>>> print(open('query-v2.txt').read())   # compact mmCIF, C-alpha atoms and all ligand atoms
# COMPACT_ATOMS: atom_id res chain seq x y z
CA MET W 287 0.45 -5.65 -2.50
CA ILE W 288 0.44 -3.42 -5.56
CA LYS W 289 -1.46 -4.84 -8.50
CA LEU W 290 -0.25 -4.20 -12.03
CA ASP W 291 -2.36 -4.01 -15.18
CA LEU W 292 -0.53 -3.82 -18.51
CA ASN W 293 -3.62 -4.32 -20.67
CA HIS W 294 -3.70 -0.66 -21.65
CA ALA W 295 0.05 -0.24 -22.22
CA PHE W 296 0.23 -1.00 -25.96
CA LEU W 297 3.37 -3.07 -25.49
CA LYS W 298 4.81 -4.24 -28.78
CA GLU W 299 7.15 -6.74 -27.18
CA ASN W 300 6.38 -9.59 -24.83
CA VAL W 301 7.38 -8.89 -21.23
CA LYS W 302 8.27 -12.56 -20.76
CA ASP W 303 10.92 -12.33 -23.48
CA TYR W 304 13.03 -10.46 -20.94
CA GLN W 305 12.92 -13.26 -18.37
CA GLU W 306 16.49 -14.43 -18.90
CA GLU W 307 17.94 -10.94 -18.65
CA VAL W 308 15.81 -10.23 -15.56
CA CYS W 309 17.03 -13.42 -13.85
CA ARG W 310 20.63 -12.50 -14.54
CA ILE W 311 20.23 -8.96 -13.21
CA ASP W 312 18.18 -10.03 -10.22
CA GLU W 313 20.92 -12.47 -9.27
CA SER W 314 23.54 -9.74 -9.45
CA LEU W 315 21.40 -7.54 -7.21
CA VAL W 316 20.66 -10.24 -4.66
CA GLN W 317 24.25 -11.54 -4.68
CA GLY W 318 25.55 -7.99 -4.40
CA THR W 319 27.67 -8.11 -7.55
CA CYS W 320 25.75 -5.46 -9.53
CA LYS W 321 26.91 -1.92 -10.27
CA GLY W 322 26.63 0.28 -7.19
CA ASN W 323 26.62 -2.75 -4.91
CA ASP W 324 27.83 -0.69 -1.95
CA PHE W 325 24.37 0.95 -1.84
CA ILE W 326 22.02 -2.01 -1.70
CA GLY W 327 21.41 -1.99 2.05
CA TRP W 328 17.71 -1.21 1.41
CA LEU W 329 17.25 -4.73 0.03
CA THR W 330 17.81 -6.43 3.38
CA TRP W 331 16.87 -3.50 5.66
CA PRO W 332 13.51 -5.02 6.72
CA GLN W 333 15.46 -7.90 8.25
CA ASP W 334 18.58 -6.22 9.53
CA TYR W 335 17.60 -2.75 10.75
CA ASP W 336 18.95 -1.80 14.16
CA ARG W 337 16.28 -2.76 16.75
CA GLU W 338 17.80 -0.67 19.52
CA GLU W 339 17.78 2.43 17.35
CA TYR W 340 14.24 1.67 16.20
CA ALA W 341 13.05 1.64 19.84
CA ARG W 342 14.86 4.93 20.38
CA ILE W 343 13.04 6.41 17.37
CA LYS W 344 9.69 5.53 18.91
CA ALA W 345 10.67 7.03 22.27
CA CYS W 346 11.98 10.17 20.62
CA ALA W 347 8.80 10.54 18.53
CA LYS W 348 6.73 10.35 21.72
CA ARG W 349 8.95 12.98 23.33
CA ILE W 350 8.49 15.26 20.29
CA GLN W 351 4.70 14.85 20.45
CA ASP W 352 4.69 15.66 24.17
CA MET W 353 6.75 18.80 23.94
CA ALA W 354 6.01 20.49 20.62
CA ASP W 355 3.24 21.95 18.45
CA VAL W 356 5.47 22.02 15.42
CA LEU W 357 8.12 19.66 14.10
CA ILE W 358 10.50 21.26 11.62
CA VAL W 359 11.98 18.70 9.26
CA CYS W 360 15.11 20.33 7.82
CA GLY W 361 16.47 18.51 4.78
CA ILE W 362 16.41 18.25 0.99
CA GLY W 363 16.21 15.52 -1.66
CA GLY W 364 16.05 12.11 -0.06
CA SER W 365 16.36 13.74 3.34
CA TYR W 366 13.07 15.54 2.75
CA LEU W 367 10.87 13.96 0.09
CA GLY W 368 10.40 10.53 1.67
CA PRO W 369 9.15 11.66 5.08
CA ARG W 370 6.92 14.29 3.48
CA ALA W 371 5.49 11.78 0.99
CA GLY W 372 4.60 9.31 3.75
CA ILE W 373 3.26 11.86 6.21
CA GLU W 374 1.03 13.60 3.67
CA MET W 375 -0.21 10.42 2.05
CA VAL W 376 -1.30 8.96 5.39
CA ASN W 377 -2.35 12.05 7.39
CA GLY W 378 -3.70 14.15 4.53
CA LEU W 379 -2.94 17.80 3.91
CA TYR W 380 -4.87 19.29 6.82
CA PRO W 381 -4.55 16.93 9.77
CA THR W 382 -6.13 18.17 12.98
CA LYS W 383 -4.99 15.60 15.50
CA GLN W 384 -1.28 15.35 14.76
CA ILE W 385 1.68 17.59 15.35
CA GLU W 386 2.15 20.13 12.56
CA VAL W 387 5.12 19.29 10.33
CA ILE W 388 6.87 22.09 8.46
CA TYR W 389 9.69 21.58 5.97
CA MET W 390 12.81 23.69 5.75
CA GLY W 391 16.29 23.24 4.34
CA ASN W 392 14.84 22.42 0.93
CA THR W 393 15.25 25.82 -0.74
CA PHE W 394 17.40 28.93 -1.05
CA SER W 395 14.25 31.06 -1.08
CA SER W 396 14.74 33.87 1.42
CA THR W 397 11.03 34.61 1.38
CA TYR W 398 10.14 31.04 2.28
CA ILE W 399 12.71 30.92 5.08
CA ALA W 400 11.60 34.27 6.51
CA GLN W 401 7.92 33.33 6.38
CA VAL W 402 8.46 29.99 8.14
CA MET W 403 10.54 31.68 10.85
CA ASP W 404 7.79 34.23 11.38
CA TYR W 405 5.12 31.52 11.47
CA ILE W 406 6.89 29.45 14.14
CA LYS W 407 8.11 32.29 16.37
CA ASP W 408 5.45 31.84 19.05
CA LYS W 409 5.01 28.10 18.71
CA SER W 410 6.58 25.26 20.61
CA VAL W 411 9.13 23.81 18.22
CA VAL W 412 11.32 20.73 17.76
CA VAL W 413 13.79 20.49 14.88
CA ASN W 414 14.87 17.32 13.12
CA VAL W 415 17.79 18.20 10.87
CA ILE W 416 18.46 15.50 8.30
CA SER W 417 21.45 15.21 5.99
CA LYS W 418 23.34 12.09 4.98
CA SER W 419 26.42 13.99 3.86
CA GLY W 420 26.00 16.54 6.61
CA THR W 421 27.18 19.27 4.27
CA THR W 422 24.27 20.11 1.94
CA THR W 423 24.09 23.87 1.48
CA GLU W 424 20.32 24.50 1.53
CA THR W 425 20.00 22.43 4.68
CA ALA W 426 23.03 24.02 6.35
CA ILE W 427 21.74 27.54 5.66
CA ALA W 428 18.32 26.80 7.14
CA PHE W 429 19.78 24.89 10.06
CA ARG W 430 22.08 27.72 11.15
CA ILE W 431 19.05 30.06 11.20
CA LEU W 432 16.96 27.49 13.08
CA LYS W 433 19.75 26.74 15.56
CA GLN W 434 20.13 30.40 16.44
CA PHE W 435 16.36 30.73 16.76
CA MET W 436 16.15 27.70 19.06
CA GLU W 437 19.05 28.87 21.22
CA LYS W 438 17.50 32.29 21.62
CA LYS W 439 14.08 30.87 22.38
CA TYR W 440 15.03 27.96 24.62
CA GLY W 441 18.53 28.71 25.92
CA ALA W 442 20.22 25.56 27.26
CA GLU W 443 17.08 23.51 26.57
CA ALA W 444 17.59 24.01 22.81
CA SER W 445 19.91 21.02 22.51
CA SER W 446 17.18 18.67 23.74
CA ARG W 447 14.81 20.08 21.10
CA ILE W 448 17.14 19.45 18.17
CA ILE W 449 17.61 15.99 16.73
CA ALA W 450 20.11 15.18 14.00
CA THR W 451 19.77 12.35 11.49
CA THR W 452 23.04 11.91 9.63
CA ASP W 453 26.02 9.71 8.91
CA LYS W 454 27.28 7.64 11.83
CA ALA W 455 30.72 9.27 11.85
CA ARG W 456 31.36 11.71 9.01
CA GLY W 457 30.31 15.24 8.13
CA THR W 458 29.95 18.65 9.70
CA LEU W 459 26.47 17.88 11.05
CA LYS W 460 27.68 14.84 12.97
CA THR W 461 30.53 16.82 14.53
CA LEU W 462 28.18 19.64 15.46
CA ALA W 463 25.55 17.28 16.90
CA ASP W 464 28.13 15.54 19.09
CA LYS W 465 29.49 18.84 20.31
CA GLU W 466 26.05 20.26 21.12
CA GLY W 467 24.76 17.01 22.63
CA TYR W 468 21.85 16.50 20.20
CA GLU W 469 20.22 13.09 20.04
CA THR W 470 21.36 11.52 16.78
CA PHE W 471 20.09 8.83 14.44
CA VAL W 472 22.09 7.10 11.75
CA ILE W 473 21.62 6.98 7.99
CA PRO W 474 23.42 3.76 7.06
CA ASP W 475 26.37 3.99 4.68
CA ASN W 476 24.88 1.46 2.31
CA ILE W 477 21.51 3.19 1.77
CA GLY W 478 21.49 6.22 -0.54
CA GLY W 479 19.43 9.37 0.01
CA ARG W 480 16.57 8.52 -2.31
CA PHE W 481 16.16 5.09 -0.68
CA SER W 482 16.50 6.47 2.86
CA VAL W 483 12.84 6.97 3.76
CA ILE W 484 12.95 3.47 5.28
CA THR W 485 15.73 4.51 7.72
CA PRO W 486 15.51 7.03 10.59
CA VAL W 487 15.27 9.71 7.87
CA GLY W 488 11.65 8.75 7.31
CA LEU W 489 10.91 6.77 10.45
CA LEU W 490 11.39 9.52 13.01
CA PRO W 491 9.31 12.26 11.34
CA MET W 492 6.66 9.73 10.35
CA ALA W 493 6.42 8.37 13.90
CA ALA W 494 6.32 11.89 15.35
CA ALA W 495 3.50 12.71 12.93
CA GLY W 496 1.54 9.78 14.35
CA LEU W 497 2.12 7.22 11.60
CA ASP W 498 2.24 3.57 12.62
CA ILE W 499 5.85 2.80 11.73
CA ASP W 500 5.46 -0.87 12.72
CA ALA W 501 2.86 -1.09 9.96
CA PHE W 502 5.19 0.79 7.61
CA MET W 503 8.00 -1.69 8.29
CA LYS W 504 5.59 -4.62 7.88
CA GLY W 505 4.48 -3.27 4.49
CA LEU W 506 8.11 -2.90 3.48
CA SER W 507 9.02 -6.36 4.66
CA ASP W 508 5.98 -7.95 2.98
CA GLY W 509 7.03 -6.07 -0.16
CA SER W 510 10.45 -7.76 -0.02
CA GLY W 511 8.66 -11.07 -0.46
CA GLU W 512 5.95 -9.92 -2.86
CA TYR W 513 8.42 -8.17 -5.17
CA GLY W 514 11.29 -10.53 -4.46
CA ASP W 515 10.82 -13.21 -7.08
CA ALA W 516 12.89 -13.12 -10.26
CA ASP W 517 10.02 -14.85 -12.07
CA LEU W 518 8.21 -12.12 -14.00
CA ASP W 519 4.88 -13.91 -13.59
CA LYS W 520 5.22 -13.56 -9.85
CA ASN W 521 6.74 -10.10 -9.56
CA PRO W 522 4.63 -7.05 -10.56
CA ALA W 523 7.49 -4.64 -9.75
CA TYR W 524 9.75 -6.37 -12.27
CA ARG W 525 6.95 -6.59 -14.87
CA TYR W 526 6.45 -2.84 -14.45
CA ALA W 527 10.20 -2.28 -14.90
CA VAL W 528 10.27 -4.34 -18.09
CA ALA W 529 7.14 -2.62 -19.44
CA ARG W 530 8.88 0.76 -18.99
CA ARG W 531 11.85 -0.55 -20.90
CA ILE W 532 9.68 -1.79 -23.75
CA LEU W 533 7.85 1.54 -23.92
CA GLN W 534 11.15 3.32 -24.11
CA HIS W 535 12.10 1.09 -27.05
CA GLN W 536 8.84 2.20 -28.63
CA GLY W 537 10.04 5.81 -28.43
CA TYR W 538 8.39 7.06 -25.24
CA ASP W 539 10.86 9.18 -23.32
CA VAL W 540 8.54 10.62 -20.68
CA GLU W 541 6.63 8.82 -17.94
CA LEU W 542 3.75 10.76 -16.44
CA PHE W 543 3.05 9.48 -12.95
CA VAL W 544 -0.61 10.10 -12.25
CA GLU W 545 -2.40 9.97 -8.94
CA TYR W 546 -5.97 10.93 -8.13
CA GLU W 547 -5.42 11.98 -4.52
CA PRO W 548 -4.00 15.47 -3.77
CA GLN W 549 -2.36 14.11 -0.62
CA MET W 550 -0.24 11.87 -2.84
CA GLN W 551 1.41 14.66 -4.79
CA MET W 552 4.50 14.38 -2.62
CA VAL W 553 4.59 10.65 -3.35
CA ALA W 554 4.98 11.70 -6.97
CA GLU W 555 7.77 14.13 -6.04
CA TRP W 556 9.54 11.38 -4.08
CA TRP W 557 9.10 9.00 -7.02
CA LYS W 558 10.58 11.59 -9.40
CA GLN W 559 13.79 11.79 -7.37
CA LEU W 560 13.95 8.02 -7.01
CA PHE W 561 13.49 7.39 -10.71
CA GLY W 562 15.20 10.50 -12.10
CA GLU W 563 18.42 10.24 -10.08
CA SER W 564 18.62 6.47 -10.50
CA GLU W 565 17.98 6.16 -14.20
CA GLY W 566 18.87 9.55 -15.68
CA LYS W 567 22.50 8.97 -16.58
CA ASP W 568 24.76 7.77 -19.40
CA GLU W 569 22.41 9.78 -21.67
CA LEU W 570 19.70 7.23 -20.97
CA GLY W 571 16.53 7.06 -18.94
CA ILE W 572 12.90 8.10 -19.02
CA LEU W 573 12.06 11.61 -17.82
CA PRO W 574 9.82 11.23 -14.75
CA ASP W 575 7.02 13.76 -14.65
CA SER W 576 3.79 13.82 -12.67
CA ALA W 577 0.24 15.04 -12.56
CA CYS W 578 -2.60 14.93 -10.08
CA PHE W 579 -5.89 14.14 -11.78
CA SER W 580 -8.58 15.21 -12.10
CA THR W 581 -7.07 18.58 -11.06
CA ASP W 582 -4.47 18.55 -13.83
CA LEU W 583 -6.87 17.25 -16.44
CA HIS W 584 -7.94 20.87 -16.45
CA SER W 585 -4.39 21.95 -17.30
CA LEU W 586 -2.13 19.18 -18.64
CA GLY W 587 -5.00 17.02 -19.88
CA GLN W 588 -5.08 18.72 -23.26
CA PHE W 589 -1.44 17.87 -23.93
CA VAL W 590 -1.80 14.28 -22.80
CA GLN W 591 -4.81 13.81 -25.03
CA ASP W 592 -3.72 15.58 -28.21
CA GLY W 593 -0.12 16.73 -27.86
CA LYS W 594 3.09 15.18 -29.16
CA LYS W 595 3.21 11.46 -28.43
CA VAL W 596 6.24 11.53 -26.16
CA LEU W 597 4.74 10.16 -23.00
CA PHE W 598 3.11 7.20 -21.39
CA GLU W 599 1.14 7.33 -18.16
CA THR W 600 1.68 5.32 -15.00
CA ASN W 601 -1.47 5.62 -12.94
CA LEU W 602 -1.33 4.92 -9.23
CA TYR W 603 -4.91 4.11 -8.26
CA VAL W 604 -6.05 3.67 -4.67
CA ASP W 605 -8.65 0.98 -4.05
CA GLN W 606 -10.05 2.30 -0.76
CA PRO W 607 -9.93 6.02 0.02
CA ALA W 608 -9.00 6.96 3.58
CA ILE W 609 -12.40 8.63 3.91
CA ASP W 610 -15.39 8.61 1.59
CA VAL W 611 -18.10 11.24 1.37
CA LEU W 612 -21.66 10.87 0.14
CA PHE W 613 -22.88 13.61 -2.15
CA PRO W 614 -25.90 15.35 -0.58
CA ASN W 615 -29.35 15.76 -2.08
CA ASP W 616 -30.74 19.25 -2.59
CA ASP W 617 -34.53 19.55 -2.90
CA LYS W 618 -34.31 22.59 -5.16
CA ASN W 619 -31.59 21.10 -7.37
CA GLU W 620 -30.82 24.54 -8.74
CA ASP W 621 -27.29 23.45 -9.68
CA GLY W 622 -28.62 20.41 -11.51
CA MET W 623 -26.32 18.11 -9.53
CA ASN W 624 -28.98 15.81 -8.06
CA TYR W 625 -28.05 13.10 -10.53
CA LEU W 626 -25.16 12.44 -8.11
CA ALA W 627 -27.18 12.69 -4.89
CA GLY W 628 -26.50 9.78 -2.58
CA LYS W 629 -23.49 8.65 -4.63
CA SER W 630 -20.02 8.32 -3.17
CA ILE W 631 -17.54 11.00 -4.22
CA ASP W 632 -14.79 8.38 -4.35
CA TRP W 633 -16.96 6.50 -6.82
CA ALA W 634 -17.11 9.70 -8.91
CA ASN W 635 -13.30 9.94 -8.68
CA LYS W 636 -13.02 6.39 -9.97
CA MET W 637 -15.43 7.11 -12.81
CA ALA W 638 -13.28 10.13 -13.70
CA ALA W 639 -10.25 7.81 -13.78
CA LYS W 640 -12.09 5.31 -15.95
CA GLY W 641 -13.28 7.97 -18.38
CA THR W 642 -9.79 9.43 -18.54
CA LEU W 643 -8.23 6.06 -19.23
CA MET W 644 -10.66 5.49 -22.10
CA ALA W 645 -10.02 8.97 -23.52
CA HIS W 646 -6.23 8.80 -23.30
CA GLU W 647 -6.00 5.21 -24.43
CA GLU W 648 -8.65 4.88 -27.12
CA THR W 649 -8.80 8.37 -28.60
CA GLY W 650 -5.41 9.73 -27.58
CA GLY W 651 -3.41 6.55 -28.24
CA VAL W 652 -1.39 7.07 -25.04
CA PRO W 653 -0.06 3.92 -23.37
CA ASN W 654 -1.28 3.51 -19.80
CA ILE W 655 0.22 1.40 -17.05
CA ILE W 656 -2.09 0.89 -14.08
CA LEU W 657 -0.87 0.26 -10.56
CA THR W 658 -3.44 -0.22 -7.83
CA MET W 659 -2.65 -0.01 -4.15
CA PRO W 660 -5.15 -1.14 -1.53
CA GLY W 661 -5.27 2.09 0.51
CA MET W 662 -3.29 5.01 1.86
CA SER W 663 -2.07 3.57 5.15
CA ALA W 664 1.45 3.48 6.54
CA TYR W 665 1.50 -0.20 5.59
CA ASP W 666 0.63 0.66 1.99
CA PHE W 667 3.31 3.33 1.89
CA GLY W 668 6.00 0.91 3.11
CA ASN W 669 4.89 -1.68 0.62
CA MET W 670 4.91 0.85 -2.21
CA CYS W 671 8.47 1.93 -1.36
CA MET W 672 9.76 -1.60 -1.92
CA PHE W 673 7.77 -1.88 -5.17
CA PHE W 674 9.39 1.21 -6.67
CA PHE W 675 12.87 0.42 -5.24
CA LYS W 676 12.86 -2.98 -6.91
CA ALA W 677 11.45 -1.63 -10.17
CA ILE W 678 13.94 1.20 -10.60
CA ALA W 679 16.92 -0.93 -9.59
CA LEU W 680 16.02 -3.44 -12.29
CA THR W 681 15.34 -0.93 -15.09
CA THR W 682 18.51 1.01 -14.42
CA LEU W 683 20.64 -2.12 -14.31
CA MET W 684 19.00 -3.17 -17.59
CA ASN W 685 20.28 0.12 -19.03
CA GLY W 686 23.76 -0.90 -17.90
CA SER W 687 23.90 2.08 -15.51
CA ASN W 688 24.58 2.32 -11.79
CA PRO W 689 21.16 2.89 -10.12
CA PHE W 690 22.64 4.17 -6.87
CA ASN W 691 24.89 7.13 -7.70
CA GLN W 692 24.09 10.65 -8.92
CA PRO W 693 27.30 12.14 -10.33
CA GLY W 694 25.41 14.66 -12.46
CA VAL W 695 24.01 16.47 -9.44
CA GLU W 696 27.47 17.71 -8.48
CA VAL W 697 28.03 19.81 -11.59
CA TYR W 698 25.76 22.72 -10.66
CA LYS W 699 27.10 22.63 -7.12
CA LYS W 700 30.65 23.30 -8.30
CA ASN W 701 29.55 26.40 -10.20
CA MET W 702 27.36 27.56 -7.35
CA PHE W 703 30.11 27.16 -4.74
CA LYS W 704 32.46 29.19 -6.91
CA LEU W 705 29.87 31.93 -7.28
CA LEU W 706 29.13 31.87 -3.55
CA GLY W 707 32.82 32.19 -2.74
CA LYS W 708 33.09 28.87 -0.90
CA GLU W 709 36.69 27.80 -0.32
O1 LIG K 1 21.09 14.03 2.76
P1 LIG K 1 22.01 14.97 2.06
O2 LIG K 1 23.42 14.49 2.06
O3 LIG K 1 21.87 16.37 2.60
O4 LIG K 1 21.60 15.01 0.55
C1 LIG K 1 20.40 15.51 0.06
C2 LIG K 1 20.28 15.30 -1.43
O5 LIG K 1 21.25 16.07 -2.06
C3 LIG K 1 21.90 15.72 -3.20
O6 LIG K 1 22.39 16.71 -3.98
C4 LIG K 1 21.58 14.45 -3.92
O7 LIG K 1 21.44 14.58 -5.27
C5 LIG K 1 20.39 13.71 -3.34
O8 LIG K 1 20.47 12.37 -3.72
C6 LIG K 1 20.33 13.84 -1.84
O9 LIG K 1 19.21 13.14 -1.36
>>> encode(input="query-v2.txt", output="structure tokens")
Amino acid sequence: MIKLDLNHAFLKENVKDYQEEVCRIDESLVQGTCKGNDFIGWLTWPQDYDREEYARIKACAKRIQDMADVLIVCGIGGSYLGPRAGIEMVNGLYPTKQIEVIYMGNTFSSTYIAQVMDYIKDKSVVVNVISKSGTTTETAIAFRILKQFMEKKYGAEASSRIIATTDKARGTLKTLADKEGYETFVIPDNIGGRFSVITPVGLLPMAAAGLDIDAFMKGLSDGSGEYGDADLDKNPAYRYAVARRILQHQGYDVELFVEYEPQMQMVAEWWKQLFGESEGKDELGILPDSACFSTDLHSLGQFVQDGKKVLFETNLYVDQPAIDVLFPNDDKNEDGMNYLAGKSIDWANKMAAKGTLMAHEETGGVPNIILTMPGMSAYDFGNMCMFFFKAIALTTLMNGSNPFNQPGVEVYKKNMFKLLGKE
């Protein structure tokens, strides 16, 4: 369970004053009468996911592990960020025991595409193409290139090395997958892209990368209970949501999501899509930004400390690191670092976090919200997903907006399609 500490948040209103409004909104969410109610399948997913498909995911993941060195995950937005966030958080950035996962379909960069294709040319490859709509341009461009590569490399066997995760019936990708005989997995109609990490979108790549998806689902399901109460005293996700709202009333328009683990930077990217696309509409919302400390204390730290007071920080601390390291002694001590000899480096990381909190809070006057998760396991990731889902649904509904659509994203696409000559 994620713990929440609002003692450093400088809230000028009482969170509990919002209890009535929270109860009303929570009821509309649970009863399915809220705005965007056709996209609230994530709420009950831990109970009603398709067991037969789930077993097929596990079998497919095993098959991928047995036959490939590299899994290409081809997708963008929600069809990319969730799996990458989970895989990197749990496995770290340089795993040695798991299949290598490479991401494509998330950029128009020709250089990136060419370099990935060159890198994989002599490797044993499986492709998981993921697109809810089945028509996203970046993904479609990369997938055509990958498909041709796979067909050239594997001939008739290519179709057993390509797996499509998409809508159950609609879209170009579904039609293509059926025609080519790819194994397919379904992104449910009632779960939007940025919530889809809990569906086959996240489950298959995570399982193939060796994550314990049973633990992930357990974390998610426990989260449904732990963040399921409308009572603010009992629900840290809702208290966090209300605290954000209060801080926005106090004039803070930017939320800096801070983690202290480099392997959680993609969690921050995933969180940015979840929060930005949900809340950033009707000319409302808090701009979600992120930083990885202490790394970015050496870059952004100056602004946070002394710059314009536009932001508050939401720190995601991790109680137990996946691995700790003891700092070694050196008899000569020429670098003068022996004062840390025998100490845990994670302890030093936590002292850096403590010192930073004091600096930003006391001297800088920056409000700080503190979230603490127990560890970086698949269970913790699942649990965290539900925490942020519940929080952003509540804040956005409090704004009076629909948390589950993203009409603004279409505007650039229209211009781009015109310029690209798409009919
Ligand atoms: O899964 P897809 O349909 O390919 O969509 C991928 C992404 O593209 C969009 O433009 C949306 O803004 C995102 O919410 C979505 O996750």
>>> residues_near_ligand(input="query-v2.txt", ligand="ligand LIG 1 (chain K)", cutoff="10 Å", atoms="only C-alpha atoms and all ligand atoms", output="PyMOL selection string")
chain W and resi 360-368+391-392+415-426+451-453+457+459+473+478-482+487+559-560+563-564+690-699
>>> residues_near_point(input="query-v2.txt", point="(9.1, 7.6, 19.4)", cutoff="10 Å", atoms="only C-alpha atoms", output="ChimeraX atom specification")
/W:340-351,489-496,499
>>> write_last_selection(input="query-v2.txt", atoms="C-alpha atoms", output="compact mmCIF listing (two decimals), in the frame of the given file")
# COMPACT_ATOMS: atom_id res chain seq x y z
CA TYR W 340 14.24 1.67 16.20
CA ALA W 341 13.05 1.64 19.84
CA ARG W 342 14.86 4.93 20.38
CA ILE W 343 13.04 6.41 17.37
CA LYS W 344 9.69 5.53 18.91
CA ALA W 345 10.67 7.03 22.27
CA CYS W 346 11.98 10.17 20.62
CA ALA W 347 8.80 10.54 18.53
CA LYS W 348 6.73 10.35 21.72
CA ARG W 349 8.95 12.98 23.33
CA ILE W 350 8.49 15.26 20.29
CA GLN W 351 4.70 14.85 20.45
CA LEU W 489 10.91 6.77 10.45
CA LEU W 490 11.39 9.52 13.01
CA PRO W 491 9.31 12.26 11.34
CA MET W 492 6.66 9.73 10.35
CA ALA W 493 6.42 8.37 13.90
CA ALA W 494 6.32 11.89 15.35
CA ALA W 495 3.50 12.71 12.93
CA GLY W 496 1.54 9.78 14.35
CA ILE W 499 5.85 2.80 11.73
>>> closest_residue(input="query-v2.txt", among="W:Ala634, W:Met552, W:Met684, W:Ile572", to="Gly378 in chain W", atoms="all atoms listed in the file")
W:Met552
>>> atom_distance(input="query-v2.txt", atom1="CA of Ala295 in chain W", atom2="CA of Gln606 in chain W")
23.9 Å
>>> closest_residue(input="query-v2.txt", among="W:Asn476, W:Gln384, W:Thr458, W:Asn619", to="Asp324 in chain W", atoms="only C-alpha atoms")
W:Asn476
>>> residues_around(input="query-v2.txt", residues="range 664-667 of chain W", least_positions_apart="3", cutoff="10 Å", atoms="all atoms listed in the file", output="ChimeraX atom specification")
/W:287-288,371-373,375-377,492,497-509,553,604,659-661,670-673
>>> axis_aligned_box(input="query-v2.txt", around="range 595-599 of chain W", padding_each_side="4 Å", output="AutoDock Vina command-line options")
--center_x 3.7 --center_y 9.4 --center_z -23.3 --size_x 13.1 --size_y 12.3 --size_z 18.3
>>> closest_residue(input="query-v2.txt", among="W:Leu586, W:Met403, W:Ala428, W:Val411", to="Ser445 in chain W", atoms="all atoms listed in the file")
W:Val411
>>> closest_residue(input="query-v2.txt", among="W:Leu643, W:Asn688, W:Val483, W:Cys309", to="Gly514 in chain W", atoms="all atoms listed in the file")
W:Cys309
>>> closest_residue(input="query-v2.txt", among="W:Lys558, W:Lys289, W:Arg531, W:Lys640", to="Phe543 in chain W", atoms="only C-alpha atoms")
W:Lys558
>>> atom_distance(input="query-v2.txt", atom1="CA of His294 in chain W", atom2="CA of Gly571 in chain W")
21.8 Å
